[in-house]
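J.: Here you go, target.cif (mmCIF, C-alpha atoms (C1' of nucleotides)):
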```cif
data_coords
loop_
_atom_site.label_atom_id
_atom_site.label_comp_id
_atom_site.auth_asym_id
_atom_site.auth_seq_id
_atom_site.Cartn_x
_atom_site.Cartn_y
_atom_site.Cartn_z
CA MET A 1 -129.33 -23.30 -145.43
CA ASP A 2 -131.57 -21.87 -148.09
CA GLU A 3 -130.15 -24.46 -150.42
CA LEU A 4 -132.76 -24.23 -153.11
CA GLY A 5 -134.55 -21.02 -152.93
CA GLN A 6 -134.43 -17.89 -150.89
CA PRO A 7 -131.33 -15.82 -150.46
CA THR A 8 -131.89 -13.68 -147.43
CA THR A 9 -131.49 -10.42 -149.33
CA GLY A 10 -132.38 -8.80 -152.58
CA THR A 11 -133.93 -10.72 -155.41
CA GLU A 12 -136.38 -12.86 -153.45
CA VAL A 13 -139.21 -11.43 -155.51
CA LEU A 14 -138.21 -13.49 -158.50
CA ASN A 15 -138.03 -16.71 -156.53
CA TRP A 16 -141.40 -16.40 -154.87
CA THR A 17 -143.00 -15.25 -158.10
CA GLN A 18 -141.64 -18.34 -159.80
CA ARG A 19 -142.75 -20.63 -157.02
CA LEU A 20 -146.30 -19.32 -157.06
CA ARG A 21 -146.44 -19.53 -160.83
CA ARG A 22 -145.07 -23.07 -160.83
CA ALA A 23 -147.67 -24.03 -158.25
CA GLY A 24 -150.31 -22.81 -160.69
CA ILE A 25 -151.66 -19.96 -158.60
CA ARG A 26 -151.86 -16.35 -159.67
CA VAL A 27 -149.15 -13.98 -158.58
CA THR A 28 -150.50 -10.90 -156.84
CA PRO A 29 -148.74 -8.20 -154.83
CA GLN A 30 -150.67 -9.30 -151.76
CA ARG A 31 -149.56 -12.93 -152.01
CA LEU A 32 -145.96 -11.92 -152.59
CA ALA A 33 -146.02 -9.51 -149.66
CA ILE A 34 -147.49 -12.26 -147.48
CA VAL A 35 -145.00 -15.05 -148.27
CA GLU A 36 -142.09 -12.66 -148.15
CA ALA A 37 -143.11 -11.15 -144.84
CA LEU A 38 -143.64 -14.65 -143.47
CA HIS A 39 -140.32 -15.93 -144.74
CA ASP A 40 -138.35 -12.87 -143.65
CA SER A 41 -139.74 -13.11 -140.13
CA ARG A 42 -138.36 -16.67 -139.87
CA ASP A 43 -140.98 -17.14 -137.21
CA HIS A 44 -144.38 -18.66 -136.59
CA LEU A 45 -146.89 -15.90 -137.23
CA SER A 46 -150.62 -15.57 -136.78
CA ALA A 47 -152.73 -14.10 -139.58
CA GLU A 48 -153.12 -10.88 -137.64
CA ALA A 49 -149.40 -10.54 -136.86
CA LEU A 50 -148.73 -11.15 -140.52
CA LEU A 51 -151.21 -8.49 -141.55
CA LEU A 52 -149.29 -5.90 -139.52
CA ARG A 53 -146.08 -6.75 -141.33
CA VAL A 54 -147.73 -6.87 -144.73
CA ARG A 55 -149.27 -3.44 -144.17
CA THR A 56 -145.86 -1.80 -143.96
CA ARG A 57 -145.60 -2.58 -147.66
CA LEU A 58 -149.26 -2.71 -148.68
CA PRO A 59 -151.09 -0.31 -146.39
CA GLY A 60 -154.49 -1.20 -147.81
CA ALA A 61 -154.18 -4.95 -147.23
CA SER A 62 -157.16 -6.64 -145.65
CA LEU A 63 -157.37 -9.39 -143.08
CA ALA A 64 -159.70 -11.41 -145.29
CA THR A 65 -157.08 -11.37 -148.02
CA VAL A 66 -154.43 -12.56 -145.62
CA TYR A 67 -156.59 -15.52 -144.61
CA ARG A 68 -157.53 -16.32 -148.20
CA SER A 69 -153.95 -16.05 -149.41
CA LEU A 70 -152.67 -18.20 -146.57
CA ASP A 71 -155.22 -20.86 -147.43
CA THR A 72 -154.22 -20.75 -151.08
CA LEU A 73 -150.51 -20.86 -150.30
CA ARG A 74 -151.09 -23.73 -147.89
CA ASP A 75 -153.05 -25.70 -150.48
CA ALA A 76 -150.26 -25.04 -152.97
CA GLY A 77 -147.73 -26.52 -150.52
CA ILE A 78 -145.79 -23.28 -150.24
CA ILE A 79 -146.38 -22.65 -146.54
CA HIS A 80 -147.34 -24.71 -143.52
CA GLN A 81 -150.32 -24.03 -141.29
CA GLY A 82 -150.33 -25.16 -137.69
CA ARG A 83 -151.92 -24.56 -134.34
CA LEU A 84 -150.06 -23.89 -131.15
CA GLY A 85 -151.62 -23.51 -127.79
CA GLU A 86 -155.29 -23.12 -127.91
CA GLN A 87 -156.57 -20.27 -129.90
CA ARG A 88 -155.21 -19.23 -133.28
CA ASN A 89 -153.49 -20.74 -136.29
CA PHE A 90 -149.92 -19.94 -137.14
CA TYR A 91 -148.09 -20.09 -140.43
CA GLU A 92 -144.48 -20.65 -141.50
CA THR A 93 -142.55 -21.18 -144.72
CA ASN A 94 -140.91 -24.38 -143.44
CA VAL A 95 -142.96 -27.05 -145.20
CA GLU A 96 -140.76 -30.01 -144.25
CA PRO A 97 -142.40 -32.33 -141.70
CA HIS A 98 -141.26 -31.20 -138.27
CA PHE A 99 -142.54 -30.55 -134.76
CA HIS A 100 -142.75 -27.65 -132.39
CA PHE A 101 -141.58 -26.80 -128.93
CA VAL A 102 -143.40 -23.95 -127.20
CA CYS A 103 -141.94 -22.17 -124.19
CA GLN A 104 -144.67 -21.60 -121.64
CA ARG A 105 -142.85 -18.56 -120.25
CA CYS A 106 -141.54 -16.53 -123.21
CA HIS A 107 -143.87 -18.18 -125.77
CA ALA A 108 -141.03 -18.71 -128.20
CA VAL A 109 -141.57 -21.48 -130.74
CA GLU A 110 -138.76 -23.70 -131.94
CA ASP A 111 -138.76 -26.21 -134.76
CA LEU A 112 -137.72 -29.77 -133.94
CA GLU A 113 -136.75 -32.70 -136.13
CA PRO A 114 -136.46 -35.62 -133.73
CA MET A 115 -134.88 -38.72 -135.23
CA LYS A 116 -137.02 -41.01 -133.12
CA ALA A 117 -140.23 -39.64 -134.59
CA ASP A 118 -140.23 -42.21 -137.35
CA ALA A 119 -139.84 -45.06 -134.89
CA LEU A 120 -142.75 -43.75 -132.88
CA ARG A 121 -144.89 -43.40 -135.95
CA ARG A 122 -144.06 -46.91 -137.07
CA GLU A 123 -144.81 -48.35 -133.65
CA ILE A 124 -148.20 -46.69 -133.64
CA ALA A 125 -149.00 -47.77 -137.18
CA ASP A 126 -148.01 -51.37 -136.38
CA THR A 127 -149.78 -51.76 -133.05
CA SER A 128 -152.96 -49.90 -133.95
CA GLY A 129 -153.50 -51.12 -137.49
CA HIS A 130 -154.44 -47.62 -138.61
CA LEU A 131 -153.06 -45.93 -141.68
CA ILE A 132 -151.13 -42.89 -140.46
CA ARG A 133 -151.12 -40.06 -142.97
CA SER A 134 -149.80 -37.18 -140.88
CA CYS A 135 -149.11 -36.26 -137.32
CA ARG A 136 -148.62 -33.26 -135.17
CA LEU A 137 -146.38 -33.16 -132.14
CA GLU A 138 -146.21 -30.21 -129.82
CA LEU A 139 -144.09 -30.03 -126.70
CA PHE A 140 -144.57 -27.53 -123.93
CA GLY A 141 -142.18 -26.49 -121.21
CA LEU A 142 -139.42 -24.01 -120.50
CA CYS A 143 -136.80 -23.20 -123.09
CA ARG A 144 -133.08 -23.18 -122.32
CA ASP A 145 -133.12 -19.50 -121.48
CA CYS A 146 -136.21 -19.55 -119.32
CA ARG A 147 -135.30 -22.68 -117.37
CA ASP A 148 -131.92 -21.23 -116.33
CA PRO A 149 -132.53 -17.52 -115.98
CA VAL A 150 -129.42 -15.36 -116.26
CA PRO A 151 -128.35 -14.64 -112.68
CA PRO A 152 -128.39 -10.98 -111.70
CA PRO A 153 -124.93 -9.34 -111.96
CA LEU A 154 -123.08 -9.64 -108.67
CA GLY A 155 -121.21 -6.70 -107.19
CA VAL A 156 -117.74 -8.07 -106.18
CA MET B 157 -159.76 -50.82 -115.70
CA ASP B 158 -161.40 -48.40 -113.32
CA GLU B 159 -158.99 -49.54 -110.68
CA LEU B 160 -159.46 -46.68 -108.32
CA GLY B 161 -162.66 -44.97 -108.99
CA GLN B 162 -165.63 -45.42 -111.19
CA PRO B 163 -167.67 -48.57 -111.35
CA THR B 164 -169.63 -48.40 -114.56
CA THR B 165 -172.98 -48.60 -112.82
CA GLY B 166 -174.79 -47.42 -109.78
CA THR B 167 -173.08 -45.48 -107.06
CA GLU B 168 -170.87 -43.26 -109.19
CA VAL B 169 -172.44 -40.25 -107.55
CA LEU B 170 -170.54 -40.90 -104.35
CA ASN B 171 -167.22 -41.29 -106.11
CA TRP B 172 -167.46 -38.14 -108.17
CA THR B 173 -168.78 -36.20 -105.22
CA GLN B 174 -165.80 -37.32 -103.21
CA ARG B 175 -163.35 -36.53 -105.97
CA LEU B 176 -164.67 -33.01 -106.40
CA ARG B 177 -164.66 -32.42 -102.68
CA ARG B 178 -161.14 -33.76 -102.32
CA ALA B 179 -160.03 -31.48 -105.13
CA GLY B 180 -161.38 -28.60 -103.10
CA ILE B 181 -164.09 -27.52 -105.50
CA ARG B 182 -167.76 -27.19 -104.69
CA VAL B 183 -170.08 -30.02 -105.58
CA THR B 184 -173.05 -28.94 -107.64
CA PRO B 185 -175.61 -30.95 -109.57
CA GLN B 186 -174.34 -29.40 -112.78
CA ARG B 187 -170.74 -30.44 -112.20
CA LEU B 188 -171.77 -33.95 -111.25
CA ALA B 189 -174.01 -34.26 -114.28
CA ILE B 190 -171.16 -33.05 -116.47
CA VAL B 191 -168.42 -35.40 -115.22
CA GLU B 192 -170.78 -38.31 -115.13
CA ALA B 193 -172.09 -37.71 -118.62
CA LEU B 194 -168.53 -37.32 -119.84
CA HIS B 195 -167.32 -40.45 -118.11
CA ASP B 196 -170.31 -42.55 -119.15
CA SER B 197 -169.87 -41.61 -122.76
CA ARG B 198 -166.30 -42.96 -122.69
CA ASP B 199 -165.69 -40.67 -125.61
CA HIS B 200 -164.14 -37.36 -126.56
CA LEU B 201 -166.94 -34.83 -126.36
CA SER B 202 -167.26 -31.18 -127.26
CA ALA B 203 -168.91 -28.80 -124.81
CA GLU B 204 -172.01 -28.66 -126.95
CA ALA B 205 -172.29 -32.44 -127.31
CA LEU B 206 -171.89 -32.68 -123.57
CA LEU B 207 -174.61 -30.12 -122.97
CA LEU B 208 -177.07 -32.29 -124.91
CA ARG B 209 -176.29 -35.27 -122.68
CA VAL B 210 -176.38 -33.21 -119.52
CA ARG B 211 -179.78 -31.79 -120.45
CA THR B 212 -181.39 -35.21 -120.33
CA ARG B 213 -180.83 -35.01 -116.59
CA LEU B 214 -180.75 -31.26 -116.03
CA PRO B 215 -183.04 -29.73 -118.63
CA GLY B 216 -182.23 -26.19 -117.59
CA ALA B 217 -178.46 -26.52 -117.90
CA SER B 218 -176.71 -23.75 -119.74
CA LEU B 219 -173.81 -23.81 -122.16
CA ALA B 220 -171.91 -21.21 -120.15
CA THR B 221 -172.11 -23.47 -117.12
CA VAL B 222 -170.77 -26.39 -119.11
CA TYR B 223 -167.77 -24.35 -120.22
CA ARG B 224 -167.16 -22.98 -116.72
CA SER B 225 -167.50 -26.36 -115.10
CA LEU B 226 -165.18 -27.98 -117.62
CA ASP B 227 -162.57 -25.30 -116.93
CA THR B 228 -162.91 -25.86 -113.20
CA LEU B 229 -162.73 -29.64 -113.53
CA ARG B 230 -159.73 -29.34 -115.83
CA ASP B 231 -157.91 -27.06 -113.38
CA ALA B 232 -158.71 -29.56 -110.63
CA GLY B 233 -157.08 -32.34 -112.67
CA ILE B 234 -160.31 -34.31 -112.90
CA ILE B 235 -160.74 -34.18 -116.65
CA HIS B 236 -158.52 -33.59 -119.65
CA GLN B 237 -159.06 -30.90 -122.25
CA GLY B 238 -157.73 -31.27 -125.77
CA ARG B 239 -158.13 -30.04 -129.27
CA LEU B 240 -158.55 -32.28 -132.27
CA GLY B 241 -158.69 -31.10 -135.80
CA GLU B 242 -159.12 -27.42 -136.06
CA GLN B 243 -162.17 -26.02 -134.46
CA ARG B 244 -163.40 -26.99 -131.02
CA ASN B 245 -162.07 -28.33 -127.76
CA PHE B 246 -162.90 -31.79 -126.57
CA TYR B 247 -162.96 -33.25 -123.08
CA GLU B 248 -162.43 -36.69 -121.56
CA THR B 249 -162.10 -38.23 -118.11
CA ASN B 250 -158.86 -40.01 -119.01
CA VAL B 251 -156.28 -37.77 -117.36
CA GLU B 252 -153.31 -40.09 -117.83
CA PRO B 253 -150.83 -38.80 -120.38
CA HIS B 254 -151.76 -40.29 -123.74
CA PHE B 255 -152.13 -39.38 -127.39
CA HIS B 256 -154.86 -39.39 -129.98
CA PHE B 257 -155.46 -40.89 -133.36
CA VAL B 258 -158.15 -39.23 -135.47
CA CYS B 259 -159.69 -40.97 -138.46
CA GLN B 260 -160.05 -38.48 -141.28
CA ARG B 261 -162.96 -40.42 -142.73
CA CYS B 262 -165.23 -41.45 -139.83
CA HIS B 263 -163.79 -38.91 -137.39
CA ALA B 264 -163.46 -41.50 -134.66
CA VAL B 265 -160.90 -40.72 -131.97
CA GLU B 266 -158.78 -43.40 -130.34
CA ASP B 267 -156.49 -43.11 -127.35
CA LEU B 268 -152.91 -44.27 -127.77
CA GLU B 269 -150.18 -45.05 -125.29
CA PRO B 270 -147.10 -45.63 -127.40
CA MET B 271 -144.13 -47.09 -125.55
CA LYS B 272 -141.67 -45.16 -127.66
CA ALA B 273 -143.11 -41.82 -126.60
CA ASP B 274 -140.80 -41.62 -123.62
CA ALA B 275 -137.75 -42.23 -125.78
CA LEU B 276 -138.84 -39.49 -128.13
CA ARG B 277 -139.42 -37.11 -125.29
CA ARG B 278 -136.04 -37.86 -123.79
CA GLU B 279 -134.30 -37.40 -127.11
CA ILE B 280 -135.90 -34.01 -127.55
CA ALA B 281 -135.11 -32.93 -124.01
CA ASP B 282 -131.47 -34.01 -124.41
CA THR B 283 -130.78 -32.51 -127.81
CA SER B 284 -132.69 -29.25 -127.33
CA GLY B 285 -131.80 -28.44 -123.74
CA HIS B 286 -135.37 -27.41 -123.01
CA LEU B 287 -137.35 -28.53 -120.00
CA ILE B 288 -140.27 -30.55 -121.36
CA ARG B 289 -143.33 -30.35 -119.14
CA SER B 290 -146.01 -31.80 -121.38
CA CYS B 291 -146.61 -32.76 -124.92
CA ARG B 292 -149.41 -33.39 -127.30
CA LEU B 293 -149.29 -35.88 -130.13
CA GLU B 294 -152.05 -36.19 -132.66
CA LEU B 295 -152.02 -38.60 -135.56
CA PHE B 296 -154.28 -38.36 -138.55
CA GLY B 297 -155.14 -41.02 -141.09
CA LEU B 298 -157.57 -43.82 -141.74
CA CYS B 299 -158.61 -46.18 -139.00
CA ARG B 300 -158.59 -49.96 -139.42
CA ASP B 301 -162.21 -49.99 -140.56
CA CYS B 302 -161.96 -47.11 -143.00
CA ARG B 303 -158.69 -48.23 -144.60
CA ASP B 304 -160.09 -51.66 -145.44
CA PRO B 305 -163.76 -51.09 -146.18
CA VAL B 306 -165.97 -54.15 -145.92
CA PRO B 307 -166.35 -55.40 -149.50
CA PRO B 308 -169.93 -55.38 -150.82
CA PRO B 309 -171.60 -58.84 -150.67
CA LEU B 310 -171.05 -60.74 -153.91
CA GLY B 311 -173.83 -62.53 -155.68
CA VAL B 312 -172.49 -66.04 -156.52
"C1'" DA C 313 -181.78 -22.00 -90.35
"C1'" DC C 314 -178.26 -17.94 -91.35
"C1'" DT C 315 -174.79 -16.37 -94.02
"C1'" DG C 316 -171.29 -15.18 -97.43
"C1'" DA C 317 -168.68 -16.66 -100.96
"C1'" DT C 318 -169.49 -19.43 -105.29
"C1'" DT C 319 -172.05 -20.92 -108.92
"C1'" DT C 320 -175.76 -20.62 -112.13
"C1'" DG C 321 -178.62 -19.07 -116.29
"C1'" DC C 322 -179.26 -15.82 -119.55
"C1'" DG C 323 -178.12 -12.72 -123.05
"C1'" DA C 324 -174.59 -10.13 -124.95
"C1'" DA C 325 -169.92 -9.75 -126.29
"C1'" DA C 326 -165.33 -11.44 -127.64
"C1'" DC C 327 -162.45 -13.89 -130.56
"C1'" DG C 328 -160.53 -15.93 -134.75
"C1'" DT C 329 -162.09 -17.12 -139.11
"C1'" DT C 330 -165.11 -17.25 -143.24
"C1'" DC C 331 -168.49 -15.29 -146.29
"C1'" DT C 332 -170.79 -11.87 -149.49
"C1'" DC C 333 -170.59 -8.79 -152.96
"C1'" DA C 334 -169.20 -4.99 -155.80
"C1'" DC C 335 -165.05 -3.65 -157.79
"C1'" DC C 336 -160.44 -4.60 -159.60
"C1'" DT C 337 -156.49 -7.07 -161.98
"C1'" DG C 338 -153.26 -10.75 -163.62
"C1'" DG C 339 -152.04 -12.81 -167.55
"C1'" DG C 340 -153.41 -15.41 -171.80
"C1'" DA C 341 -155.65 -14.57 -176.55
"C1'" DG C 342 -155.89 -11.89 -180.33
"C1'" DC D 343 -150.50 -3.44 -176.98
"C1'" DT D 344 -155.16 -3.92 -175.85
"C1'" DC D 345 -159.09 -6.69 -174.55
"C1'" DC D 346 -161.18 -9.77 -171.63
"C1'" DC D 347 -162.82 -12.56 -167.80
"C1'" DA D 348 -161.72 -16.06 -164.28
"C1'" DG D 349 -160.08 -15.15 -160.33
"C1'" DG D 350 -158.50 -11.98 -156.47
"C1'" DT D 351 -159.38 -8.00 -153.48
"C1'" DG D 352 -161.34 -4.83 -149.60
"C1'" DA D 353 -164.87 -3.80 -146.36
"C1'" DG D 354 -167.96 -5.20 -143.43
"C1'" DA D 355 -171.32 -8.58 -142.03
"C1'" DA D 356 -171.83 -13.26 -140.47
"C1'" DC D 357 -170.26 -17.37 -138.39
"C1'" DG D 358 -169.12 -20.88 -134.61
"C1'" DT D 359 -166.91 -21.38 -130.37
"C1'" DT D 360 -165.84 -19.55 -126.05
"C1'" DT D 361 -166.10 -15.95 -122.47
"C1'" DC D 362 -168.19 -12.18 -119.82
"C1'" DG D 363 -171.47 -9.46 -116.76
"C1'" DC D 364 -174.99 -9.48 -113.86
"C1'" DA D 365 -178.94 -10.68 -110.91
"C1'" DA D 366 -180.79 -14.68 -108.75
"C1'" DA D 367 -179.91 -19.19 -106.72
"C1'" DT D 368 -177.20 -22.44 -103.98
"C1'" DC D 369 -173.37 -24.81 -101.54
"C1'" DA D 370 -171.23 -25.57 -97.15
"C1'" DG D 371 -169.50 -23.95 -92.67
"C1'" DT D 372 -171.47 -22.06 -88.48
#
```
Could you write out this structure as structure tokens?
T.:
Amino acid sequence: MDELGQPTTGTEVLNWTQRLRRAGIRVTPQRLAIVEALHDSRDHLSAEALLLRVRTRLPGASLATVYRSLDTLRDAGIIHQGRLGEQRNFYETNVEPHFHFVCQRCHAVEDLEPMKADALRREIADTSGHLIRSCRLELFGLCRDCRDPVPPPLGV
Amino acid sequence: MDELGQPTTGTEVLNWTQRLRRAGIRVTPQRLAIVEALHDSRDHLSAEALLLRVRTRLPGASLATVYRSLDTLRDAGIIHQGRLGEQRNFYETNVEPHFHFVCQRCHAVEDLEPMKADALRREIADTSGHLIRSCRLELFGLCRDCRDPVPPPLGV
DNA sequence: ACTGATTTGCGAAACGTTCTCACCTGGGAG
DNA sequence: CTCCCAGGTGAGAACGTTTCGCAAATCAGT
């Protein structure tokens, strides 16, 4: 894991700075705070949730800046933007094509990389005649933990 | 097509009335106008687009009523609510599980029923251990017509 | 018809996101 | 190292979609 880029401690600053610079976008404290907070969370965060985390480092940060930076980072291919249930966008630093499972009870989000996705995509491309450029797959249900709740401890 | 319910002309009123009543929700002119307009369009409509169609029959209809009725009809299992690109919900009377292809050029939406979807779903359920209750698949690209534009007529 | 719970229309508000604009700053040129 | 300006920032207003609150209207069971 983290084969090319981000050790989970310490000198991440250098890596993200380099990545932004290589992508041709300016390196600002706000953008660094945003990608780092997003990456460190290892989660799927909304702009507002991200703002809360960013503000622990940059108390003056503004929501507009978070949205603008996320757009910029997305356009630069550094982060991925998605949409879960109904309402707000989420963001993550995993930019590889993948899908999402959402637990309807605890609202946890898990990344999926189903092998059969390519077959499905090919079938659709072949039978429909359309040119498929991207796709989004979201699954809803109960996660392992919520489907089999831990039984209450039994007195002997 | 239309094996159980809606002839494309004439006495639809009776069918929709019956379906609403059977679903245990009150039958109002607004709700009938909304399902009928939605069904007749055979398309994926936003609430606002639907309001325009409904107003040809019910000039006083209100947007709030459209939203409330769509929620009610969705909860009753009579229509399906989805979300396409980024911004607004859409609605359709096709309540069978199916997926959507969206052309990024002409913005047309096409329903898909890929055979391999079940295999994909089963693979995900098996490997993840989650209980899958529903899923949403959206594909983006260029439709047949937009990928191969009609060449301009050649003078001999 | 009478009635009570539901639904409607309207305007206002909520929500997530984008815009405007004055000020500030990253980073290349000198 | 300093200067400079295209580009980024913060604050709040504006935006588009969806929801809410309320008084008046209406569905459906008696």
J.: Suppose a student applies the PyMOL selection byres ((chain C) within 10 of (chain B)) to this structure; what residues should they get, written as a ChimeraX atom specification?
T.: /C:318-322
J.: List the spatial neighbours of Glu92 in chain A as an MDAnalysis selection string - criterion: any atom at most 12 Å away, all atoms listed in the file, same-chain residues fewer than 5 positions off excluded.
T.: chainID A and resid 34:47 50 70 73:74 77:83 97:98 100 109:111
J.: Matching every Cα in sequence order between the two identical chains, what are the coordinates of chain B once fitted onto chain A? Write them as a compact mmCIF listing (two decimals) with C-alpha atoms, in the coordinates of the input.
T.:
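And here is the file that came out, result22.txt:
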```txt
# COMPACT_ATOMS: atom_id res chain seq x y z
CA MET B 157 -129.84 -23.77 -145.72
CA ASP B 158 -131.99 -22.29 -148.44
CA GLU B 159 -130.63 -24.90 -150.78
CA LEU B 160 -133.23 -24.59 -153.44
CA GLY B 161 -134.97 -21.34 -153.17
CA GLN B 162 -134.70 -18.22 -151.16
CA PRO B 163 -131.56 -16.19 -150.83
CA THR B 164 -132.02 -14.00 -147.80
CA THR B 165 -131.62 -10.78 -149.75
CA GLY B 166 -132.47 -9.19 -153.02
CA THR B 167 -134.15 -11.09 -155.79
CA GLU B 168 -136.59 -13.13 -153.73
CA VAL B 169 -139.41 -11.67 -155.77
CA LEU B 170 -138.47 -13.80 -158.75
CA ASN B 171 -138.29 -16.99 -156.72
CA TRP B 172 -141.63 -16.58 -155.01
CA THR B 173 -143.25 -15.47 -158.22
CA GLN B 174 -141.97 -18.60 -159.89
CA ARG B 175 -143.06 -20.84 -157.06
CA LEU B 176 -146.59 -19.48 -157.07
CA ARG B 177 -146.81 -19.75 -160.82
CA ARG B 178 -145.48 -23.30 -160.79
CA ALA B 179 -148.04 -24.19 -158.15
CA GLY B 180 -150.69 -22.98 -160.55
CA ILE B 181 -151.97 -20.10 -158.47
CA ARG B 182 -152.18 -16.49 -159.57
CA VAL B 183 -149.42 -14.13 -158.57
CA THR B 184 -150.67 -11.01 -156.85
CA PRO B 185 -148.83 -8.33 -154.92
CA GLN B 186 -150.70 -9.35 -151.80
CA ARG B 187 -149.65 -12.99 -152.01
CA LEU B 188 -146.05 -12.04 -152.68
CA ALA B 189 -146.02 -9.59 -149.80
CA ILE B 190 -147.47 -12.27 -147.54
CA VAL B 191 -145.04 -15.10 -148.35
CA GLU B 192 -142.11 -12.77 -148.32
CA ALA B 193 -143.03 -11.20 -145.01
CA LEU B 194 -143.58 -14.66 -143.58
CA HIS B 195 -140.31 -16.01 -144.90
CA ASP B 196 -138.29 -12.96 -143.88
CA SER B 197 -139.59 -13.13 -140.36
CA ARG B 198 -138.28 -16.70 -140.04
CA ASP B 199 -140.85 -17.09 -137.32
CA HIS B 200 -144.25 -18.55 -136.60
CA LEU B 201 -146.72 -15.77 -137.25
CA SER B 202 -150.44 -15.37 -136.74
CA ALA B 203 -152.55 -13.89 -139.52
CA GLU B 204 -152.86 -10.64 -137.64
CA ALA B 205 -149.13 -10.35 -136.93
CA LEU B 206 -148.53 -11.02 -140.59
CA LEU B 207 -150.99 -8.34 -141.63
CA LEU B 208 -148.99 -5.76 -139.67
CA ARG B 209 -145.82 -6.71 -141.53
CA VAL B 210 -147.55 -6.84 -144.88
CA ARG B 211 -149.02 -3.38 -144.34
CA THR B 212 -145.59 -1.79 -144.23
CA ARG B 213 -145.42 -2.62 -147.93
CA LEU B 214 -149.10 -2.73 -148.85
CA PRO B 215 -150.85 -0.25 -146.58
CA GLY B 216 -154.28 -1.12 -147.91
CA ALA B 217 -154.03 -4.86 -147.30
CA SER B 218 -156.98 -6.46 -145.62
CA LEU B 219 -157.20 -9.18 -143.00
CA ALA B 220 -159.61 -11.21 -145.12
CA THR B 221 -157.06 -11.24 -147.92
CA VAL B 222 -154.36 -12.44 -145.55
CA TYR B 223 -156.53 -15.34 -144.44
CA ARG B 224 -157.56 -16.20 -148.01
CA SER B 225 -154.03 -15.99 -149.30
CA LEU B 226 -152.69 -18.13 -146.47
CA ASP B 227 -155.32 -20.77 -147.24
CA THR B 228 -154.39 -20.71 -150.91
CA LEU B 229 -150.67 -20.88 -150.19
CA ARG B 230 -151.23 -23.70 -147.72
CA ASP B 231 -153.27 -25.68 -150.25
CA ALA B 232 -150.51 -25.10 -152.79
CA GLY B 233 -147.96 -26.59 -150.37
CA ILE B 234 -145.99 -23.36 -150.18
CA ILE B 235 -146.48 -22.65 -146.50
CA HIS B 236 -147.39 -24.65 -143.42
CA GLN B 237 -150.31 -23.91 -141.15
CA GLY B 238 -150.31 -24.98 -137.52
CA ARG B 239 -151.87 -24.32 -134.20
CA LEU B 240 -149.94 -23.69 -131.03
CA GLY B 241 -151.46 -23.29 -127.65
CA GLU B 242 -155.14 -22.83 -127.79
CA GLN B 243 -156.34 -19.90 -129.74
CA ARG B 244 -155.02 -18.93 -133.14
CA ASN B 245 -153.38 -20.49 -136.15
CA PHE B 246 -149.81 -19.77 -137.05
CA TYR B 247 -148.01 -19.97 -140.37
CA GLU B 248 -144.45 -20.62 -141.50
CA THR B 249 -142.58 -21.21 -144.75
CA ASN B 250 -140.93 -24.38 -143.44
CA VAL B 251 -143.03 -27.06 -145.12
CA GLU B 252 -140.80 -30.00 -144.21
CA PRO B 253 -142.36 -32.28 -141.63
CA HIS B 254 -141.20 -31.12 -138.21
CA PHE B 255 -142.46 -30.48 -134.71
CA HIS B 256 -142.68 -27.57 -132.33
CA PHE B 257 -141.51 -26.73 -128.87
CA VAL B 258 -143.34 -23.89 -127.14
CA CYS B 259 -141.89 -22.14 -124.11
CA GLN B 260 -144.64 -21.57 -121.58
CA ARG B 261 -142.82 -18.57 -120.16
CA CYS B 262 -141.48 -16.52 -123.10
CA HIS B 263 -143.78 -18.12 -125.67
CA ALA B 264 -140.94 -18.66 -128.10
CA VAL B 265 -141.48 -21.41 -130.66
CA GLU B 266 -138.68 -23.65 -131.86
CA ASP B 267 -138.70 -26.15 -134.69
CA LEU B 268 -137.62 -29.69 -133.90
CA GLU B 269 -136.63 -32.60 -136.09
CA PRO B 270 -136.30 -35.52 -133.71
CA MET B 271 -134.70 -38.62 -135.19
CA LYS B 272 -136.85 -40.92 -133.11
CA ALA B 273 -140.06 -39.54 -134.60
CA ASP B 274 -139.99 -42.06 -137.41
CA ALA B 275 -139.63 -44.95 -134.99
CA LEU B 276 -142.57 -43.68 -133.00
CA ARG B 277 -144.66 -43.30 -136.10
CA ARG B 278 -143.80 -46.78 -137.27
CA GLU B 279 -144.60 -48.27 -133.90
CA ILE B 280 -148.00 -46.63 -133.91
CA ALA B 281 -148.74 -47.67 -137.47
CA ASP B 282 -147.74 -51.28 -136.71
CA THR B 283 -149.58 -51.71 -133.43
CA SER B 284 -152.75 -49.83 -134.37
CA GLY B 285 -153.22 -50.98 -137.95
CA HIS B 286 -154.13 -47.47 -139.03
CA LEU B 287 -152.69 -45.71 -142.05
CA ILE B 288 -150.79 -42.71 -140.71
CA ARG B 289 -150.73 -39.82 -143.16
CA SER B 290 -149.48 -36.99 -140.98
CA CYS B 291 -148.87 -36.14 -137.42
CA ARG B 292 -148.44 -33.17 -135.19
CA LEU B 293 -146.25 -33.10 -132.13
CA GLU B 294 -146.16 -30.16 -129.79
CA LEU B 295 -144.05 -29.99 -126.67
CA PHE B 296 -144.55 -27.52 -123.89
CA GLY B 297 -142.15 -26.49 -121.16
CA LEU B 298 -139.40 -24.03 -120.42
CA CYS B 299 -136.77 -23.20 -122.98
CA ARG B 300 -133.05 -23.20 -122.18
CA ASP B 301 -133.09 -19.51 -121.31
CA CYS B 302 -136.20 -19.57 -119.15
CA ARG B 303 -135.28 -22.72 -117.22
CA ASP B 304 -131.93 -21.28 -116.15
CA PRO B 305 -132.53 -17.56 -115.73
CA VAL B 306 -129.44 -15.39 -115.85
CA PRO B 307 -128.54 -14.75 -112.20
CA PRO B 308 -128.65 -11.09 -111.15
CA PRO B 309 -125.18 -9.45 -111.07
CA LEU B 310 -123.61 -9.77 -107.63
CA GLY B 311 -121.97 -6.87 -105.90
CA VAL B 312 -118.58 -8.16 -104.62
```
